[in-house]
Structure formats: structure tokens, C-alpha cells
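query.txt follows (compact mmCIF, C-alpha atoms and all ligand atoms):
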# COMPACT_ATOMS: atom_id res chain seq x y z
CA MET A 944 9.46 -15.90 2.32
CA ASN A 945 12.66 -13.95 2.90
CA ASP A 946 11.44 -10.68 1.34
CA ILE A 947 8.50 -10.53 3.77
CA LEU A 948 8.77 -11.92 7.28
CA SER A 949 5.62 -13.32 8.84
CA HIS A 950 5.26 -13.69 12.58
CA ILE A 951 2.24 -14.46 14.76
CA GLU A 952 2.16 -13.71 18.47
CA ASP A 953 -0.55 -12.63 20.92
CA ARG A 954 -3.13 -13.11 18.11
CA VAL A 955 -1.37 -10.45 16.00
CA LEU A 956 -0.01 -11.45 12.60
CA THR A 957 2.89 -9.15 11.70
CA LEU A 958 4.07 -8.91 8.10
CA THR A 959 7.43 -7.14 7.78
CA PHE A 960 8.81 -6.02 4.43
CA ASN A 961 12.40 -7.28 4.33
CA ARG A 962 13.92 -6.18 1.03
CA VAL A 963 15.57 -3.06 2.35
CA ALA A 964 18.41 -3.02 -0.25
CA LYS A 965 15.67 -2.37 -2.86
CA LYS A 966 13.71 -0.08 -0.52
CA ASN A 967 11.20 -2.90 0.07
CA ALA A 968 9.93 -2.60 -3.52
CA LEU A 969 7.16 -5.16 -3.99
CA THR A 970 7.65 -7.96 -6.52
CA VAL A 971 5.00 -10.24 -8.02
CA ALA A 972 6.07 -12.96 -5.57
CA MET A 973 5.71 -10.56 -2.62
CA TYR A 974 2.16 -9.59 -3.67
CA GLY A 975 1.30 -13.28 -3.93
CA PHE A 976 2.66 -13.92 -0.45
CA LEU A 977 0.79 -10.92 1.03
CA ALA A 978 -2.46 -12.04 -0.62
CA ASP A 979 -2.04 -15.59 0.72
CA GLN A 980 -1.23 -14.34 4.23
CA LEU A 981 -4.28 -12.04 4.31
CA GLU A 982 -6.57 -14.72 2.90
CA HIS A 983 -5.38 -17.17 5.54
CA ALA A 984 -5.54 -14.62 8.39
CA ALA A 985 -9.13 -13.67 7.51
CA ALA A 986 -10.23 -17.23 8.32
CA ASP A 987 -7.68 -18.07 11.02
CA SER A 988 -8.97 -17.76 14.59
CA ALA A 989 -5.35 -17.42 15.78
CA ALA A 990 -5.05 -14.03 14.00
CA ARG A 991 -7.29 -11.19 15.15
CA VAL A 992 -5.26 -8.25 13.90
CA VAL A 993 -2.72 -7.87 11.09
CA VAL A 994 0.19 -5.43 11.20
CA ILE A 995 2.06 -4.39 8.06
CA GLN A 996 5.42 -2.70 8.58
CA GLY A 997 8.83 -1.97 7.12
CA ASP A 998 11.89 -1.01 9.10
CA VAL A 999 12.94 2.29 10.62
CA THR A 1000 14.25 3.63 7.28
CA VAL A 1001 11.64 2.57 4.70
CA PHE A 1002 8.08 1.27 4.49
CA THR A 1003 8.04 0.40 0.79
CA ALA A 1004 9.03 2.09 -2.48
CA GLY A 1005 5.95 0.52 -4.08
CA ASN A 1006 5.79 -1.78 -7.04
CA ASP A 1007 9.14 -3.08 -8.23
CA ILE A 1008 9.90 -1.04 -11.34
CA ALA A 1009 11.77 -3.88 -13.05
CA ASP A 1010 8.58 -5.95 -12.64
CA PHE A 1011 6.58 -3.11 -14.22
CA GLN A 1012 8.97 -3.21 -17.18
CA LYS A 1013 8.61 -7.00 -17.47
CA ALA A 1014 4.81 -6.73 -17.34
CA ALA A 1015 4.84 -4.04 -20.02
CA ALA A 1016 7.17 -6.07 -22.25
CA SER A 1017 5.00 -9.19 -21.90
CA GLY A 1018 1.92 -7.22 -23.01
CA GLN A 1019 0.23 -8.53 -19.85
CA THR A 1020 -3.38 -9.49 -20.46
CA GLY A 1021 -6.09 -10.91 -18.22
CA ALA A 1022 -8.06 -9.48 -15.36
CA LEU A 1023 -6.34 -7.65 -12.52
CA GLU A 1024 -8.04 -9.84 -9.92
CA ASP A 1025 -6.37 -12.94 -11.42
CA ARG A 1026 -2.87 -11.51 -10.92
CA PRO A 1027 -1.02 -11.51 -7.57
CA VAL A 1028 -1.19 -7.70 -7.25
CA GLY A 1029 -4.94 -7.77 -7.90
CA ARG A 1030 -5.44 -10.57 -5.39
CA PHE A 1031 -3.52 -8.51 -2.83
CA LEU A 1032 -5.54 -5.35 -3.53
CA GLU A 1033 -8.83 -7.20 -3.22
CA GLN A 1034 -7.73 -8.93 -0.01
CA ILE A 1035 -6.62 -5.69 1.60
CA ALA A 1036 -9.76 -3.85 0.47
CA THR A 1037 -12.09 -6.48 1.93
CA PHE A 1038 -10.04 -7.78 4.88
CA PRO A 1039 -12.58 -8.21 7.70
CA LYS A 1040 -10.33 -7.82 10.77
CA PRO A 1041 -8.35 -4.76 11.90
CA LEU A 1042 -5.38 -3.89 9.72
CA VAL A 1043 -2.71 -1.71 11.27
CA ALA A 1044 0.32 -0.17 9.56
CA ALA A 1045 3.60 1.16 10.93
CA VAL A 1046 5.22 3.50 8.40
CA CYS A 1047 8.73 4.95 8.56
CA GLY A 1048 10.60 6.50 5.64
CA PRO A 1049 9.22 6.38 2.08
CA ALA A 1050 5.75 4.94 1.43
CA VAL A 1051 5.49 5.25 -2.34
CA GLY A 1052 2.83 4.19 -4.83
CA VAL A 1053 1.07 1.09 -3.58
CA GLY A 1054 3.01 1.69 -0.34
CA ALA A 1055 0.77 4.75 0.11
CA THR A 1056 -2.45 3.48 -1.47
CA MET A 1057 -2.50 0.35 0.69
CA LEU A 1058 -2.70 2.63 3.73
CA LEU A 1059 -6.11 3.86 2.57
CA HIS A 1060 -7.31 0.32 3.41
CA CYS A 1061 -5.68 0.13 6.83
CA ASP A 1062 -7.77 0.91 9.88
CA LEU A 1063 -4.97 2.46 11.93
CA VAL A 1064 -1.73 3.97 10.63
CA TYR A 1065 1.18 5.01 12.87
CA ALA A 1066 3.96 6.99 11.23
CA GLY A 1067 7.52 7.73 12.16
CA ASP A 1068 8.30 11.43 11.81
CA ASN A 1069 10.54 10.46 8.85
CA ALA A 1070 7.60 8.97 6.92
CA ALA A 1071 7.24 10.42 3.40
CA PHE A 1072 4.12 9.51 1.46
CA SER A 1073 3.78 9.81 -2.31
CA PHE A 1074 1.36 8.79 -5.03
CA PRO A 1075 3.63 9.29 -8.11
CA PHE A 1076 1.44 7.40 -10.59
CA VAL A 1077 0.88 10.30 -13.00
CA ASN A 1078 4.62 11.03 -12.98
CA LEU A 1079 5.18 7.41 -14.03
CA GLY A 1080 2.76 7.62 -16.95
CA VAL A 1081 0.12 5.45 -15.25
CA ILE A 1082 -2.82 6.24 -12.93
CA PRO A 1083 -3.47 5.87 -9.18
CA GLU A 1084 -4.64 2.38 -8.18
CA ALA A 1085 -6.00 0.35 -5.26
CA GLY A 1086 -9.23 2.33 -5.28
CA SER A 1087 -7.35 5.51 -4.40
CA THR A 1088 -9.30 7.57 -6.96
CA LEU A 1089 -12.39 6.77 -4.87
CA LEU A 1090 -10.94 6.74 -1.34
CA ALA A 1091 -8.54 9.73 -1.53
CA PRO A 1092 -11.28 12.35 -2.24
CA GLN A 1093 -13.41 10.81 0.52
CA LEU A 1094 -10.58 11.05 3.03
CA PHE A 1095 -8.76 14.23 1.99
CA GLY A 1096 -11.54 16.22 0.27
CA TYR A 1097 -11.52 16.74 -3.50
CA HIS A 1098 -8.96 19.52 -3.87
CA ARG A 1099 -6.38 18.01 -1.58
CA ALA A 1100 -6.87 14.61 -3.24
CA ALA A 1101 -6.48 16.18 -6.67
CA GLU A 1102 -3.25 17.88 -5.58
CA ILE A 1103 -1.86 14.68 -4.06
CA LEU A 1104 -2.82 12.45 -7.01
CA LEU A 1105 -2.12 14.85 -9.89
CA THR A 1106 1.19 16.28 -8.70
CA GLY A 1107 2.51 13.12 -7.03
CA GLU A 1108 4.52 15.35 -4.70
CA PRO A 1109 5.59 13.65 -1.46
CA PHE A 1110 4.27 14.85 1.90
CA MET A 1111 5.68 14.15 5.31
CA ALA A 1112 4.16 12.56 8.42
CA GLU A 1113 2.98 15.84 10.04
CA ALA A 1114 1.09 16.81 6.86
CA ALA A 1115 -0.37 13.30 6.72
CA LEU A 1116 -1.59 13.72 10.28
CA GLU A 1117 -3.26 17.04 9.39
CA VAL A 1118 -5.26 15.46 6.56
CA GLY A 1119 -6.25 12.44 8.64
CA PHE A 1120 -4.11 9.94 6.70
CA VAL A 1121 -2.30 8.73 9.83
CA ASN A 1122 -3.38 8.36 13.45
CA ARG A 1123 -0.23 9.45 15.21
CA VAL A 1124 3.32 10.58 14.47
CA VAL A 1125 6.00 8.98 16.64
CA PRO A 1126 9.78 8.72 16.76
CA PRO A 1127 10.84 6.28 14.00
CA THR A 1128 12.78 4.03 16.37
CA GLU A 1129 9.59 3.53 18.43
CA CYS A 1130 7.11 3.23 15.57
CA ASN A 1131 6.99 -0.55 15.18
CA GLU A 1132 6.83 -1.09 18.96
CA ILE A 1133 4.07 1.49 19.49
CA THR A 1134 2.14 -0.07 16.61
CA ALA A 1135 2.63 -3.55 18.05
CA GLY A 1136 1.26 -2.31 21.40
CA GLN A 1137 -1.85 -0.88 19.72
CA ALA A 1138 -2.33 -4.10 17.77
CA ARG A 1139 -2.05 -6.20 20.93
CA LYS A 1140 -4.69 -3.98 22.60
CA LEU A 1141 -7.06 -4.59 19.69
CA ALA A 1142 -6.30 -8.30 19.64
CA ALA A 1143 -7.37 -8.59 23.28
CA LYS A 1144 -10.86 -7.32 22.40
CA PRO A 1145 -13.83 -9.51 21.36
CA LEU A 1146 -13.30 -10.54 17.74
CA THR A 1147 -16.94 -10.38 16.66
CA SER A 1148 -17.26 -6.82 17.93
CA LEU A 1149 -14.11 -5.82 16.05
CA ILE A 1150 -15.30 -7.43 12.81
CA GLU A 1151 -18.84 -6.05 13.02
CA THR A 1152 -17.60 -2.54 13.85
CA LYS A 1153 -15.22 -2.56 10.89
CA ARG A 1154 -17.94 -3.97 8.61
CA LEU A 1155 -20.31 -1.15 9.60
CA LEU A 1156 -17.62 1.55 9.36
CA LYS A 1157 -17.14 0.47 5.75
CA ALA A 1158 -20.76 -0.50 5.08
CA GLY A 1159 -22.08 0.06 1.61
CA GLN A 1160 -18.66 0.71 0.17
CA SER A 1161 -17.19 -2.62 -0.84
CA ASP A 1162 -18.97 -3.19 -4.19
CA ALA A 1163 -18.12 0.31 -5.43
CA LEU A 1164 -14.58 -0.05 -4.14
CA LEU A 1165 -13.93 -3.38 -5.86
CA ALA A 1166 -15.46 -2.03 -9.07
CA ARG A 1167 -13.17 1.04 -8.89
CA ILE A 1168 -10.08 -1.10 -8.22
CA ARG A 1169 -10.90 -3.15 -11.34
CA ASP A 1170 -11.67 -0.06 -13.48
CA GLU A 1171 -8.41 1.56 -12.43
CA GLY A 1172 -6.65 -1.76 -13.18
CA VAL A 1173 -7.85 -1.79 -16.79
CA VAL A 1174 -6.59 1.77 -17.45
CA PHE A 1175 -3.38 1.17 -15.49
CA ASN A 1176 -2.60 -1.92 -17.56
CA ARG A 1177 -3.25 -0.09 -20.82
CA LEU A 1178 -1.00 2.83 -19.80
CA LEU A 1179 1.68 0.39 -18.62
CA GLN A 1180 2.14 -0.58 -22.29
CA GLY A 1181 2.36 3.10 -23.38
CA PRO A 1182 5.26 5.44 -24.18
CA ALA A 1183 5.03 7.63 -21.06
CA SER A 1184 5.45 4.78 -18.57
CA ARG A 1185 8.18 3.23 -20.72
CA GLU A 1186 10.08 6.52 -20.56
CA ALA A 1187 9.44 6.98 -16.81
CA PHE A 1188 10.67 3.48 -15.89
CA ALA A 1189 13.70 3.71 -18.17
CA ALA A 1190 14.56 7.09 -16.60
CA PHE A 1191 14.31 5.61 -13.08
CA MET A 1192 16.57 2.69 -14.00
CA GLU A 1193 19.05 5.03 -15.73
CA LYS A 1194 18.90 7.45 -12.74
CA ARG A 1195 17.90 10.43 -14.89
CA LYS A 1196 14.89 12.76 -15.23
CA PRO A 1197 12.15 11.50 -17.59
CA ASP A 1198 11.43 13.41 -20.79
CA PHE A 1199 7.69 13.40 -21.53
CA SER A 1200 7.90 15.94 -24.36
CA ALA A 1201 6.84 13.28 -26.89
CA CYS A 1202 4.18 11.65 -24.65
N1 LIG B 1301 11.56 -0.78 -7.85
C1 LIG B 1301 12.76 -1.36 -8.02
N2 LIG B 1301 13.87 -0.94 -7.41
C2 LIG B 1301 13.76 0.11 -6.57
C3 LIG B 1301 12.53 0.76 -6.33
C4 LIG B 1301 11.39 0.27 -7.01
N3 LIG B 1301 10.18 0.78 -6.83
N4 LIG B 1301 12.74 1.76 -5.46
C5 LIG B 1301 14.04 1.75 -5.16
N5 LIG B 1301 14.67 0.74 -5.82
C6 LIG B 1301 16.08 0.38 -5.79
C7 LIG B 1301 16.93 1.39 -6.56
O1 LIG B 1301 16.94 1.08 -7.93
C8 LIG B 1301 18.27 1.19 -5.88
O2 LIG B 1301 18.82 0.00 -6.39
P1 LIG B 1301 20.44 -0.06 -6.67
O3 LIG B 1301 21.07 0.15 -5.32
O4 LIG B 1301 20.63 -1.44 -7.22
O5 LIG B 1301 20.74 1.06 -7.64
C9 LIG B 1301 17.90 0.89 -4.43
O6 LIG B 1301 16.54 0.45 -4.45
C10 LIG B 1301 17.97 2.12 -3.54
O7 LIG B 1301 17.14 3.12 -4.11
P2 LIG B 1301 17.58 4.67 -4.20
O8 LIG B 1301 16.69 5.33 -5.19
O9 LIG B 1301 19.05 4.76 -4.40
O10 LIG B 1301 17.23 5.14 -2.71
P3 LIG B 1301 16.91 6.62 -2.19
O11 LIG B 1301 16.96 6.54 -0.70
O12 LIG B 1301 17.74 7.66 -2.90
O13 LIG B 1301 15.37 6.89 -2.64
C11 LIG B 1301 13.06 6.28 -2.93
C12 LIG B 1301 14.33 6.08 -2.10
C13 LIG B 1301 12.03 5.28 -2.45
C14 LIG B 1301 12.53 7.71 -2.75
C15 LIG B 1301 13.41 6.06 -4.43
O14 LIG B 1301 14.09 4.82 -4.53
C16 LIG B 1301 12.21 5.99 -5.35
O15 LIG B 1301 11.64 7.01 -5.69
N6 LIG B 1301 11.87 4.76 -5.78
C17 LIG B 1301 10.86 4.57 -6.82
C18 LIG B 1301 9.51 4.68 -6.25
C19 LIG B 1301 8.47 4.46 -7.31
O16 LIG B 1301 8.34 5.21 -8.27
N7 LIG B 1301 7.73 3.36 -7.15
C20 LIG B 1301 6.68 2.95 -8.02
C21 LIG B 1301 5.39 3.44 -7.48
S1 LIG B 1301 4.01 3.06 -8.53
Output the structure of this file as C-alpha cells.
Ligand code: COA
Amino acid sequence: MNDILSHIEDRVLTLTFNRVAKKNALTVAMYGFLADQLEHAAADSAARVVVIQGDVTVFTAGNDIADFQKAAASGQTGALEDRPVGRFLEQIATFPKPLVAAVCGPAVGVGATMLLHCDLVYAGDNAAFSFPFVNLGVIPEAGSTLLAPQLFGYHRAAEILLTGEPFMAEAALEVGFVNRVVPPTECNEITAGQARKLAAKPLTSLIETKRLLKAGQSDALLARIRDEGVVFNRLLQGPASREAFAAFMEKRKPDFSAC
């Protein structure tokens, strides 16, 4: 698909967000494509490692806000795992092979939470991470209410998730959210080099090591992703998110005084 480029070489599948005019915001169709690509790569012996990247200016601005508005207007029902975004979240949370991300510029919302499921994350020094869910009248998703306290410690996770304030690559390195900070123009190439190194290693050892690193976690993680999904969907129909999305579209500050 044009909004995400897919390329396989040296047993590395690279998925590149390619909707830069909209800051690589993720549409329903893009989630569906990502889910299909991950599902296929999990079983495909030609793919040992998957890289997810944007370009030098932006990773992704997260869920497309016009799609959020459409979902809210439709009164979206049904289980998260039956929708493209839910399929993507479950694929990324359970993907058995190494997942590597190259992040430059903004990584917002699901653009940040998906990184909690990546095994290695390389960041350009212009990377800016944010989890603005509360500021949008919804709640953090993708299992981030479980994984963020584990990774950052409770108080840092609470600050990141409750305030939604962005933090830059160096701060992300300090809290262990990224592996290395590099010049943005070199980020995708450095990441590709690391991915090729992994892809040259024995696949079973990679898969078993990742399985054990995450052992015991997947049932609780999938349950949390679904629990978050139920609350997220309910809040998506509520007044606070309606105001937040309208404010974004109208390029003004939201007014939550009545929410
Ligand atoms: N959904 C839909 N469109 C988006 C978008 C999103 N998540 N993020 C950016 N865009 C669009 C803007 O509406 C704008 O479109 P236009 O040129 O037709 O007006 C275009 O992408 C450029 O965005 P802009 O805000 O002008 O870029 P910026 O460099 O000033 O800021 C961001 C970049 C990512 C910081 C800012 O766009 C942003 O905060 N986006 C929303 C992020 C968000 O809340 N995502 C949901 C997470 S749950």
C-alpha cells in the first residue's frame, strides 16, 4: 500500500510509514496492512526480523484523528481484537521474532505505545515521544498501562501517562525507552545494520530468547490491551474526546471545563 512501504531484503522486512503530509497518522487501512504484514512475517521463513520506521522528520503522529471522529460518530461496537487496530496491537504484542524500530521526529500516541512492544529502538536526536491520551479525553492503550510502569517505574510512568507531555530522545534513553540516540539522517541506516546483524543469527535462538524474555507476560498483556480497549471505546463516544478532536481539527486549544 502507498501509505506504508514494505520491503524485504537480507531476511529483514522493513515497513516504512509513508504518509508524511499527515505526519504518518495511522488510518484503519494502515492498521489492517500492518497487522497482515506482521501475521505473514511471523510465519514466513524469509523474514527473520521486522523493522518499523518513518522518515527523518516523523515516525508517526499516531491514530488518524479524522478516523477517531468517524469511529465515535458511528458508535463503534464490537471487540477491539476484531478491528484492524486491535489486530495490529495483538500482532505487535505477540510477534515472535525481533522487532526493531527507527524513530525520528514525533512518535505520538500509538506511535509511542507500539515501541513498548519493540525489542530494539533506535532514535534520532530529534525524536519526541508523547502519550497524549488523557489530553484527548481517552486512555493509554496497547497495554501501556501495564508495560510503562514496568519499564519506567511507577512515578515516571504516571507522569508520562497522566500529563501526556512530550519527552525527547535523550530523556527516552535515560529511562530505557530507546537503545541508542543517533543523528536523524543516520537513524534508518544504523537500524537497518542492527537488523541485518540479528537476521544473520540462528532464528530459533532469536525466537526462544525473545519468548523467554517475555515469558509469563502475554496472557496478562493481551487481557490488559482488551480491557483498555473497552474503556477507550467508551470514552471515544464521550464529550471530552469529541472536544479534543474538534479542537485539533480547528487548530485551537480544547476547553474541558464542561467535561
Ligand atoms: N491525525 C490526522 N491528521 C494529522 C494527525 C493525526 N494524528 N497529526 C497530524 N495531522 C495532520 C494535520 O492535521 C496537518 O494536516 P493539514 O496540513 O491538512 O492541516 C498535517 O498533518 C501536519 O500536521 P501539523 O500539526 O501541522 O504538524 P506539526 O509539525 O506542527 O506537528 C505533531 C506535528 C505530530 C506534533 C502534531 O501534528 C500533532 O500533535 N498531531 C496529533 C497527534 C495526536 O494527538 N495523535 C493521536 C494520538 S492518540
Contacts of A:Ala1022 within 9 Å, only C-alpha atoms, excl. fewer than 3 positions in-chain, as an MDAnalysis selection string: chainID A and resid 1025:1026 1029 1169 1172:1173
Cut-off 12 Å around (-2.4, 1.9, -0.4) with only C-alpha atoms: residues as number ranges by chain: A: 995, 1002-1006, 1028, 1031-1033, 1035-1036, 1044, 1046, 1050-1062, 1064, 1072-1074, 1083-1091, 1120, 1168
For the selection just defined, write its residues with C-alpha atoms to a file, as a PDB file, keeping the file's coordinate frame.
ATOM      1  CA  ILE A 995       2.060  -4.390   8.060  1.00  0.00           C
ATOM      2  CA  PHE A1002       8.080   1.270   4.490  1.00  0.00           C
ATOM      3  CA  THR A1003       8.040   0.400   0.790  1.00  0.00           C
ATOM      4  CA  ALA A1004       9.030   2.090  -2.480  1.00  0.00           C
ATOM      5  CA  GLY A1005       5.950   0.520  -4.080  1.00  0.00           C
ATOM      6  CA  ASN A1006       5.790  -1.780  -7.040  1.00  0.00           C
ATOM      7  CA  VAL A1028      -1.190  -7.700  -7.250  1.00  0.00           C
ATOM      8  CA  PHE A1031      -3.520  -8.510  -2.830  1.00  0.00           C
ATOM      9  CA  LEU A1032      -5.540  -5.350  -3.530  1.00  0.00           C
ATOM     10  CA  GLU A1033      -8.830  -7.200  -3.220  1.00  0.00           C
ATOM     11  CA  ILE A1035      -6.620  -5.690   1.600  1.00  0.00           C
ATOM     12  CA  ALA A1036      -9.760  -3.850   0.470  1.00  0.00           C
ATOM     13  CA  ALA A1044       0.320  -0.170   9.560  1.00  0.00           C
ATOM     14  CA  VAL A1046       5.220   3.500   8.400  1.00  0.00           C
ATOM     15  CA  ALA A1050       5.750   4.940   1.430  1.00  0.00           C
ATOM     16  CA  VAL A1051       5.490   5.250  -2.340  1.00  0.00           C
ATOM     17  CA  GLY A1052       2.830   4.190  -4.830  1.00  0.00           C
ATOM     18  CA  VAL A1053       1.070   1.090  -3.580  1.00  0.00           C
ATOM     19  CA  GLY A1054       3.010   1.690  -0.340  1.00  0.00           C
ATOM     20  CA  ALA A1055       0.770   4.750   0.110  1.00  0.00           C
ATOM     21  CA  THR A1056      -2.450   3.480  -1.470  1.00  0.00           C
ATOM     22  CA  MET A1057      -2.500   0.350   0.690  1.00  0.00           C
ATOM     23  CA  LEU A1058      -2.700   2.630   3.730  1.00  0.00           C
ATOM     24  CA  LEU A1059      -6.110   3.860   2.570  1.00  0.00           C
ATOM     25  CA  HIS A1060      -7.310   0.320   3.410  1.00  0.00           C
ATOM     26  CA  CYS A1061      -5.680   0.130   6.830  1.00  0.00           C
ATOM     27  CA  ASP A1062      -7.770   0.910   9.880  1.00  0.00           C
ATOM     28  CA  VAL A1064      -1.730   3.970  10.630  1.00  0.00           C
ATOM     29  CA  PHE A1072       4.120   9.510   1.460  1.00  0.00           C
ATOM     30  CA  SER A1073       3.780   9.810  -2.310  1.00  0.00           C
ATOM     31  CA  PHE A1074       1.360   8.790  -5.030  1.00  0.00           C
ATOM     32  CA  PRO A1083      -3.470   5.870  -9.180  1.00  0.00           C
ATOM     33  CA  GLU A1084      -4.640   2.380  -8.180  1.00  0.00           C
ATOM     34  CA  ALA A1085      -6.000   0.350  -5.260  1.00  0.00           C
ATOM     35  CA  GLY A1086      -9.230   2.330  -5.280  1.00  0.00           C
ATOM     36  CA  SER A1087      -7.350   5.510  -4.400  1.00  0.00           C
ATOM     37  CA  THR A1088      -9.300   7.570  -6.960  1.00  0.00           C
ATOM     38  CA  LEU A1089     -12.390   6.770  -4.870  1.00  0.00           C
ATOM     39  CA  LEU A1090     -10.940   6.740  -1.340  1.00  0.00           C
ATOM     40  CA  ALA A1091      -8.540   9.730  -1.530  1.00  0.00           C
ATOM     41  CA  PHE A1120      -4.110   9.940   6.700  1.00  0.00           C
ATOM     42  CA  ILE A1168     -10.080  -1.100  -8.220  1.00  0.00           C
TER      43      ILE A1168
END
Quick one, how far is atom CA of A:Ala1189 from atom CA of A:Pro1049?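 Computing the Euclidean distance for atom CA of A:Ala1189 and atom CA of A:Pro1049 yields 20.9 Å.
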Give as a list in words the set of residues within 12 Å of the point (14.9, 13.9, -14.6), where distances use the file's coordinates and only C-alpha atoms. Asn1078, Leu1079, Glu1186, Ala1187, Phe1188, Ala1189, Ala1190, Phe1191, Met1192, Glu1193, Lys1194, Arg1195, Lys1196, Pro1197, Asp1198 and Phe1199 of chain A
Kindly assemble as a Markdown table a list of the stretch 961-1007 of chain A residues that lie within 12 Å of stretch 1011-1015 of chain A, each paired with its nearest atom pair and their distance in Å to one decimal, using all atoms listed in the file, sorted first by chain and then by ascending residue number.
| residue | atom | partner | partner_atom | distance |
| --- | --- | --- | --- | --- |
| A:Ala968 | CA | A:Phe1011 | CA | 11.2 |
| A:Leu969 | CA | A:Phe1011 | CA | 10.4 |
| A:Thr970 | CA | A:Phe1011 | CA | 9.2 |
| A:Val971 | CA | A:Phe1011 | CA | 9.6 |
| A:Gly1005 | CA | A:Phe1011 | CA | 10.8 |
| A:Asn1006 | CA | A:Phe1011 | CA | 7.3 |
| A:Asp1007 | CA | A:Phe1011 | CA | 6.5 |
Write a file of the selected residues as an mmCIF file, in the frame of the given file, keeping C-alpha atoms.
data_model
loop_
_atom_site.group_PDB
_atom_site.id
_atom_site.type_symbol
_atom_site.label_atom_id
_atom_site.label_comp_id
_atom_site.auth_asym_id
_atom_site.auth_seq_id
_atom_site.Cartn_x
_atom_site.Cartn_y
_atom_site.Cartn_z
ATOM 1 C CA ALA A 968 9.930 -2.600 -3.520
ATOM 2 C CA LEU A 969 7.160 -5.160 -3.990
ATOM 3 C CA THR A 970 7.650 -7.960 -6.520
ATOM 4 C CA VAL A 971 5.000 -10.240 -8.020
ATOM 5 C CA GLY A 1005 5.950 0.520 -4.080
ATOM 6 C CA ASN A 1006 5.790 -1.780 -7.040
ATOM 7 C CA ASP A 1007 9.140 -3.080 -8.230
#
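As for atom CA of A:Thr1147 and atom CA of A:Leu981, they are spaced 17.8 Å apart.
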Nearest candidate to A:Phe976 (options A:Asp953, A:Glu1132, A:Asp946, A:Glu1108; using only C-alpha atoms): A:Asp946
In Å, rounded to a single decimal, give me how far atom CA of A:Thr957 is from atom CA of A:Val992. 8.5 Å
Could you pull the residues within 12 Å of A:Lys1144, counting all atoms listed in the file, minus those fewer than 3 positions along the same chain, as an NGL selection string? :A and (953-955 or 991-992 or 1040-1041 or 1137-1141 or 1147-1150 or 1152)
Between A:Ala1009, A:Ala985, A:Leu1156, A:Val1118, which is the closest to ligand LIG 1301 (chain B) once you count all atoms listed in the file?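 Going through A:Ala1009, A:Ala985, A:Leu1156, A:Val1118 one by one, the smallest distance to ligand LIG 1301 (chain B) is for A:Ala1009.
Among the candidates A:Val1043, A:Leu1116, A:Ile1008, A:Ala1016, the residue lying nearest to ligand LIG 1301 (chain B) is A:Ile1008 (atoms considered: all atoms listed in the file).
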Option closest in space to ligand LIG 1301 (chain B), from A:Gly1096, A:Gly1067, A:Gly1159, A:Gly1048 [counting all atoms listed in the file]: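 Looking at the shortest contact to ligand LIG 1301 (chain B), the residue is A:Gly1048.
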Pick from A:Val1124, A:Ala984, A:Val1081, A:Leu1178, whichever lies nearest to ligand LIG 1301 (chain B) using all atoms listed in the file: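 So, comparing all the options, the nearest one is A:Val1081.
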Nearest candidate to ligand LIG 1301 (chain B) (options A:Cys1047, A:Leu1155, A:Leu948, A:Leu1063; using only C-alpha atoms and all ligand atoms): A:Cys1047
